[in-house]
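Q: Provided herewith is a single structure, encoded as structure tokens, for subsequent inquiry.
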Amino acid sequence: MSNVGSYEERYKGFSWKSAAEELGYGTGGVFNIGYYCSDRICERGRGGSLALLWEGFSGEVKKFTFDDLRRFSNRFANMLEQNGLQAGDRICLFMDRIPELYIGFLGVLKMGGIVQPLFSAFGEDALSMRLADAGTKAVLTTRKHLPKVRRIRAALPSLTTVIIVDAGGRTLENGEVAFSMAEAQGLDSYRVHPAAPEMPSVLHYTSGTTGKPKGALHVHSSIVAQYLTTKWVLDVTPDDVYWCTADPGWVTGTSYGIIGPWASGITQVVLDAGFSARNWYDFIQRYKVTVWYSAPTAIRLLMKEGLEVVKHFDLSSLRHLASVGEPLNAEAVIWSEKAFGKPFHDTFWQTETGCIVITNFPGMKIKPGSMGKPFPGIEATVVHPKTGDPVERKGVVGLIALKPGWPAMFRSYWNNAQTYEGKFRNGWYICGDRASVDNEGYYWFVGRDDDVINTAGHLVGPFEIESALLEHSAVAESAAVGKPDPINMEVVKAFVALKPGYSSSDDLTMDIMNFIRKKLSPLAMPQEIEYVPSLPKTRSGKIMRRLLRAKEWGEEIGDTSTLEND
Amino acid sequence: MAEDLKRVIIDYIKKEYLDEDSDEEITEDTKLISGGIVDSFSMVSLKMFLEKKFHIKIPDEKATPEAFDSVNNILTLVKEFVQS
């Protein structure tokens, strides 16, 4: 029997208040996420249980109990305060998936800071833009990423402190501090910041079609929804060994790679290594992973390696599989049943929703290719793109819309209330994804409603790429669109018109690719560049990305009446 | 000959994938993909470099994370096509 039991019964009788009671949220007037993920588990007599088993790419293993989490996160919080940081300060975590990232996350929350995790593969421009927007006061990083931080620091007046967690006696510059968790003693007693339920907790940046990336701001009470969705959707129990393959630089890696599992008091394993099918299977086998939360891109990469390799490993520990990031195609669901004897359960949510909102529940009939049904407490529908009214007829495509009010929903975009307000219509939060609902209430994903590129489950903004492309000396104008990809669903393709005096070549293509990778990130790097004499524009001069995108996807071009005449 | 090829590949990886101020060293055994130096997205530009430098065409199905996981692995892959 799964934790959720009867979906219909749960949906009918649901209230978020009872969800909070189940977690014990607010007991003794404590609302801080950091406490619920460490101290509370210890108070319940599970301090000696394994919280984190971390393995590095070289095979090094580190283990932390919940009591270790409690004491080391206390130490992090204390160290941040001693360095002049205060409640409400934005404190960025910019590092690979090392234990300090996970434990530091709790430490920032415990001292009342707003934790801003950023993907460690971000290049200087991507990093600088996000730190400047948030007015970030401190960055916690490692030697590996310190040079990037140093190069942008002069342009970031708010950034007072850079903390290096593996400085190892290296010479530091002004405003840089060495902190070694390994050398520091855990701190047994610390007064956790008395956060209110609505106090900001986590700031995750996400990309849109236009403008700069936006910081989706979450609050401490988000934990109520993250805890319950972990329990009902990921179906964890205290004896599980849970593996979330997402990087905490993105929202899945914090909501379900830190908060959800640790609020549930379960053991999670982390593999800080690049993808390899054999290594992944070996990891599952060695640590007897029972619940595995991964992404369609990873599943398709495993599919590419074939079924034969699966047979070399004992994966019988696996009990429940789930997936997030982009729509899980029916073939992947069917393949996972062949490979593991179990289907992957697709889950839908986004940075702004903070928790899973539409999903395939354990025990529920899976329709391969469907997103599943709304989580209890989430009122969902699809609305007409023009009127914003709910689409009444089943099977008709509209925009996925959610009634605001669940605890994990973002409260605003940082410094960008106007864009936040623009996400709502007729009292619905509009997700920006198109879907239909069938006559049994299952949602079926169709595609994005904007030009944002979903590559391997990560949203990349075309505007950010185009702006960076224009900084390349050879590029006169450009357009970035998503093109279909069998593994990553979409990858970035750039259309580039060159400045006079430049001509296309493989060398130039490589140069532009690497230029974008270093400035922004590998995800934003065009996987293909097509050189064009000019780009299609409207009469007002706006580049018509949708024409280029339609061409890549083999879709109808649609209305071209506003196209500029050559 | 093999040493020259190794050096060319190592130099390219250092130039393009390591930070200019990095003190990290790359040897022929350094884990590139599983070690987080090169990721699956960046493999595209690395593959393009190898194809151009060695006048070969590496089929997509051969461009796996394992084949790109060290300079030695890359060398084995490159040799397969240089010889054929």
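Residue numbering restarts at 1 for every chain of the structure tokens, chains are lettered A, B, ... in their displayed order, and ligands are numbered from 1 as they appear.
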Within 12 Å of Asp11 (chain B), counting only C-alpha atoms, which residues qualify if same-chain residues fewer than 6 places away don't, as a PDB file with C-alpha atoms, in the first residue's frame?
A:
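Just written: around_4.pdb:
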ATOM      1  CA  ASP B   4      51.762  14.562 -29.807  1.00  0.00           C
ATOM      2  CA  LEU B   5      48.086  13.691 -30.126  1.00  0.00           C
ATOM      3  CA  TYR B  17      37.248  23.662 -20.314  1.00  0.00           C
ATOM      4  CA  LEU B  18      39.370  24.754 -17.389  1.00  0.00           C
ATOM      5  CA  GLU B  25      46.106  19.605 -13.887  1.00  0.00           C
ATOM      6  CA  ILE B  26      44.943  17.417 -16.762  1.00  0.00           C
ATOM      7  CA  THR B  27      46.663  14.124 -17.486  1.00  0.00           C
ATOM      8  CA  GLU B  28      45.731  11.376 -19.917  1.00  0.00           C
ATOM      9  CA  PHE B  49      37.395  20.005 -32.467  1.00  0.00           C
ATOM     10  CA  VAL B  71      42.235  11.763 -22.887  1.00  0.00           C
TER      11      VAL B  71
END
Q: Residues of chain A that have any atom at most 8 Å from an atom of chain B: could you tabulate them with the shortest-distance atom pair and the distance in Å to one decimal, using only C-alpha atoms, ordered by chain and increasing number, as JSON lines?
A:
{"residue": "A:Phe57", "atom": "CA", "partner": "B:Gly35", "partner_atom": "CA", "distance": 5.6}
{"residue": "A:Ser58", "atom": "CA", "partner": "B:Gly35", "partner_atom": "CA", "distance": 7.6}
{"residue": "A:Lys144", "atom": "CA", "partner": "B:Ser22", "partner_atom": "CA", "distance": 6.8}
{"residue": "A:Pro147", "atom": "CA", "partner": "B:Asp21", "partner_atom": "CA", "distance": 6.0}
{"residue": "A:Lys148", "atom": "CA", "partner": "B:Asp19", "partner_atom": "CA", "distance": 7.8}
{"residue": "A:Ala273", "atom": "CA", "partner": "B:Ser34", "partner_atom": "CA", "distance": 4.7}
{"residue": "A:Gly274", "atom": "CA", "partner": "B:Ser34", "partner_atom": "CA", "distance": 3.8}
{"residue": "A:Phe275", "atom": "CA", "partner": "B:Ser34", "partner_atom": "CA", "distance": 6.2}
{"residue": "A:Ser276", "atom": "CA", "partner": "B:Pro65", "partner_atom": "CA", "distance": 6.4}
{"residue": "A:Asp506", "atom": "CA", "partner": "B:Lys52", "partner_atom": "CA", "distance": 7.8}
{"residue": "A:Met510", "atom": "CA", "partner": "B:Ser45", "partner_atom": "CA", "distance": 5.9}
{"residue": "A:Met513", "atom": "CA", "partner": "B:Ser45", "partner_atom": "CA", "distance": 6.9}
{"residue": "A:Asn514", "atom": "CA", "partner": "B:Glu16", "partner_atom": "CA", "distance": 7.1}
{"residue": "A:Arg517", "atom": "CA", "partner": "B:Ser42", "partner_atom": "CA", "distance": 7.7}
{"residue": "A:Pro522", "atom": "CA", "partner": "B:Phe41", "partner_atom": "CA", "distance": 5.7}
{"residue": "A:Leu523", "atom": "CA", "partner": "B:Phe41", "partner_atom": "CA", "distance": 6.3}
{"residue": "A:Met525", "atom": "CA", "partner": "B:Phe41", "partner_atom": "CA", "distance": 7.6}
{"residue": "A:Gln527", "atom": "CA", "partner": "B:Val44", "partner_atom": "CA", "distance": 6.5}
Q: For Asn3 (chain A), list every protein, DNA or RNA residue within 8 Å, evaluated using only C-alpha atoms, and leave out those in the same chain fewer than 4 positions away; present the list as a PyMOL selection string.
A: chain A and resi 231-232+235-236
Q: For the residues in the current selection, export N, CA and C atoms as a PDB file, in the first residue's frame.
A:
ATOM      1  N   LYS A 231       6.237  12.581   0.560  1.00  0.00           N
ATOM      2  CA  LYS A 231       5.638  11.401   1.178  1.00  0.00           C
ATOM      3  C   LYS A 231       4.637  10.717   0.242  1.00  0.00           C
ATOM      4  N   TRP A 232       3.782  11.492  -0.386  1.00  0.00           N
ATOM      5  CA  TRP A 232       2.699  10.897  -1.171  1.00  0.00           C
ATOM      6  C   TRP A 232       3.083  10.597  -2.617  1.00  0.00           C
ATOM      7  N   ASP A 235       6.681   8.682  -2.272  1.00  0.00           N
ATOM      8  CA  ASP A 235       6.303   7.493  -1.498  1.00  0.00           C
ATOM      9  C   ASP A 235       7.403   7.035  -0.539  1.00  0.00           C
ATOM     10  N   VAL A 236       8.127   7.979   0.051  1.00  0.00           N
ATOM     11  CA  VAL A 236       9.225   7.566   0.922  1.00  0.00           C
ATOM     12  C   VAL A 236       8.726   7.108   2.286  1.00  0.00           C
TER      13      VAL A 236
END
Q: By how many Å are CA of Lys212 (chain A) and CA of Phe515 (chain A) apart?
A: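 Spanning CA of Lys212 (chain A) to CA of Phe515 (chain A) is a straight-line distance of 18.9 Å.
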Q: Mind pulling up the distance from CA of Val108 (chain A) to CA of Ser201 (chain A)?
A: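 These two atoms are separated by 8.9 Å.
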Q: Which of region 207-349 of chain A end up as strand (DSSP E or B) when DSSP is run on this backbone - answer as a list in words?
A: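 Output for region 207-349 of chain A, strand (DSSP E or B) only: Lys214, Gly215, Ala216, Leu217, His218, Val219, Val241, Tyr242, Trp243, Cys244, Thr267, Gln268, Val269, Val270, Leu271, Asp272, Val291, Trp292, Tyr293, Ser294, His320, Leu321, Ala322, Ser323, Phe344, His345, Asp346, Thr347 and Phe348 of chain A.
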Q: What would the file look like if the residues just selected were written as a tab-separated table (two decimals), in the first residue's frame with N, CA and C atoms?
A:
chain	number	residue	atom	x	y	z
A	214	LYS	N	14.69	35.59	-13.76
A	214	LYS	CA	13.90	36.12	-12.65
A	214	LYS	C	14.11	35.24	-11.41
A	215	GLY	N	14.17	35.90	-10.26
A	215	GLY	CA	14.37	35.16	-9.01
A	215	GLY	C	13.03	34.82	-8.37
A	216	ALA	N	12.67	33.54	-8.39
A	216	ALA	CA	11.42	33.10	-7.77
A	216	ALA	C	11.66	32.94	-6.27
A	217	LEU	N	10.92	33.71	-5.50
A	217	LEU	CA	11.16	33.77	-4.06
A	217	LEU	C	10.18	32.86	-3.30
A	218	HIS	N	10.73	31.98	-2.50
A	218	HIS	CA	9.91	31.06	-1.71
A	218	HIS	C	10.03	31.40	-0.22
A	219	VAL	N	9.14	30.81	0.56
A	219	VAL	CA	9.13	31.11	2.00
A	219	VAL	C	9.25	29.82	2.81
A	241	VAL	N	16.17	4.27	0.99
A	241	VAL	CA	17.39	4.92	0.56
A	241	VAL	C	17.01	5.66	-0.72
A	242	TYR	N	17.10	6.96	-0.66
A	242	TYR	CA	16.52	7.81	-1.70
A	242	TYR	C	17.63	8.49	-2.50
A	243	TRP	N	17.45	8.49	-3.82
A	243	TRP	CA	18.44	9.16	-4.68
A	243	TRP	C	17.73	10.12	-5.63
A	244	CYS	N	18.00	11.41	-5.42
A	244	CYS	CA	17.51	12.45	-6.33
A	244	CYS	C	18.72	12.88	-7.15
A	267	THR	N	17.26	8.61	4.57
A	267	THR	CA	18.63	8.61	4.08
A	267	THR	C	18.63	8.96	2.61
A	268	GLN	N	19.45	9.94	2.24
A	268	GLN	CA	19.61	10.15	0.81
A	268	GLN	C	21.06	9.97	0.39
A	269	VAL	N	21.22	9.48	-0.83
A	269	VAL	CA	22.55	9.26	-1.37
A	269	VAL	C	22.77	10.26	-2.50
A	270	VAL	N	24.01	10.73	-2.61
A	270	VAL	CA	24.34	11.72	-3.64
A	270	VAL	C	25.59	11.23	-4.37
A	271	LEU	N	25.54	11.27	-5.68
A	271	LEU	CA	26.71	10.92	-6.49
A	271	LEU	C	27.17	12.17	-7.22
A	272	ASP	N	28.33	12.67	-6.81
A	272	ASP	CA	28.86	13.89	-7.43
A	272	ASP	C	29.77	13.49	-8.59
A	291	VAL	N	14.20	4.39	-3.68
A	291	VAL	CA	13.37	5.40	-4.36
A	291	VAL	C	14.31	6.28	-5.18
A	292	TRP	N	13.99	6.40	-6.45
A	292	TRP	CA	14.89	7.07	-7.39
A	292	TRP	C	14.10	8.15	-8.13
A	293	TYR	N	14.56	9.41	-7.99
A	293	TYR	CA	13.88	10.54	-8.63
A	293	TYR	C	14.87	11.12	-9.65
A	294	SER	N	14.55	10.97	-10.92
A	294	SER	CA	15.50	11.39	-11.94
A	294	SER	C	14.80	12.22	-13.02
A	320	HIS	N	10.40	2.41	-6.08
A	320	HIS	CA	9.56	3.44	-6.71
A	320	HIS	C	10.43	4.38	-7.54
A	321	LEU	N	9.97	4.68	-8.75
A	321	LEU	CA	10.74	5.53	-9.66
A	321	LEU	C	9.89	6.73	-10.08
A	322	ALA	N	10.49	7.90	-10.10
A	322	ALA	CA	9.76	9.10	-10.55
A	322	ALA	C	10.70	9.98	-11.36
A	323	SER	N	10.08	10.88	-12.11
A	323	SER	CA	10.85	11.68	-13.07
A	323	SER	C	10.30	13.09	-13.14
A	344	PHE	N	8.59	4.56	-14.55
A	344	PHE	CA	8.87	5.88	-13.99
A	344	PHE	C	7.55	6.64	-13.92
A	345	HIS	N	7.33	7.32	-12.81
A	345	HIS	CA	6.12	8.13	-12.63
A	345	HIS	C	6.46	9.58	-12.95
A	346	ASP	N	5.82	10.12	-13.96
A	346	ASP	CA	6.10	11.51	-14.35
A	346	ASP	C	5.50	12.47	-13.32
A	347	THR	N	6.28	13.51	-12.99
A	347	THR	CA	5.77	14.55	-12.10
A	347	THR	C	5.93	15.90	-12.80
A	348	PHE	N	4.97	16.78	-12.63
A	348	PHE	CA	5.05	18.10	-13.27
A	348	PHE	C	5.05	19.18	-12.19
Q: From region 287-362 of chain A, collect each residue whose DSSP state is helix (DSSP H, G or I) and return the set as an MDAnalysis selection string.
A: chainID A and resid 287 296:305 308:312 330:340
Q: Considering only C-alpha atoms, return as a PDB file with N, CA and C atoms, in the first residue's frame whatever protein or nucleic-acid residues lie within 12 Å of Gly45 (chain A), sequence-local ones (same chain, fewer than 3 positions apart) excluded.
A:
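Okay, this is what ended up in part-v6.pdb:
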ATOM      1  N   SER A  38      16.728  19.006  10.388  1.00  0.00           N
ATOM      2  CA  SER A  38      17.847  18.465  11.183  1.00  0.00           C
ATOM      3  C   SER A  38      17.466  18.294  12.658  1.00  0.00           C
ATOM      4  N   ASP A  39      17.316  19.418  13.384  1.00  0.00           N
ATOM      5  CA  ASP A  39      17.049  19.344  14.838  1.00  0.00           C
ATOM      6  C   ASP A  39      15.808  18.487  15.135  1.00  0.00           C
ATOM      7  N   ARG A  40      14.751  18.718  14.356  1.00  0.00           N
ATOM      8  CA  ARG A  40      13.495  18.024  14.651  1.00  0.00           C
ATOM      9  C   ARG A  40      13.645  16.506  14.515  1.00  0.00           C
ATOM     10  N   ILE A  41      14.411  16.074  13.529  1.00  0.00           N
ATOM     11  CA  ILE A  41      14.602  14.631  13.334  1.00  0.00           C
ATOM     12  C   ILE A  41      15.368  14.065  14.533  1.00  0.00           C
ATOM     13  N   CYS A  42      16.358  14.839  15.014  1.00  0.00           N
ATOM     14  CA  CYS A  42      17.126  14.393  16.185  1.00  0.00           C
ATOM     15  C   CYS A  42      16.227  14.326  17.416  1.00  0.00           C
ATOM     16  N   GLY A  48      20.923   9.528  15.136  1.00  0.00           N
ATOM     17  CA  GLY A  48      21.989   8.620  14.699  1.00  0.00           C
ATOM     18  C   GLY A  48      21.745   8.020  13.327  1.00  0.00           C
ATOM     19  N   SER A  49      20.585   8.283  12.750  1.00  0.00           N
ATOM     20  CA  SER A  49      20.283   7.724  11.422  1.00  0.00           C
ATOM     21  C   SER A  49      21.088   8.438  10.348  1.00  0.00           C
ATOM     22  N   THR A  65      25.205  11.735   9.708  1.00  0.00           N
ATOM     23  CA  THR A  65      23.935  11.397  10.363  1.00  0.00           C
ATOM     24  C   THR A  65      23.091  12.672  10.482  1.00  0.00           C
ATOM     25  N   PHE A  66      21.867  12.513  10.948  1.00  0.00           N
ATOM     26  CA  PHE A  66      21.048  13.708  11.168  1.00  0.00           C
ATOM     27  C   PHE A  66      21.646  14.583  12.272  1.00  0.00           C
ATOM     28  N   ASP A  67      22.303  13.951  13.232  1.00  0.00           N
ATOM     29  CA  ASP A  67      22.948  14.767  14.262  1.00  0.00           C
ATOM     30  C   ASP A  67      24.125  15.543  13.666  1.00  0.00           C
ATOM     31  N   GLY A 265      13.081  12.686   7.221  1.00  0.00           N
ATOM     32  CA  GLY A 265      14.015  11.906   8.040  1.00  0.00           C
ATOM     33  C   GLY A 265      14.591  10.692   7.344  1.00  0.00           C
TER      34      GLY A 265
END
Q: For Ala263 (chain A), list every protein, DNA or RNA residue within 7 Å, evaluated using only C-alpha atoms, and leave out those in the same chain fewer than 3 positions away; present the list as JSON, numbers by chain.
A: {"A": [36, 37, 227, 259, 260]}
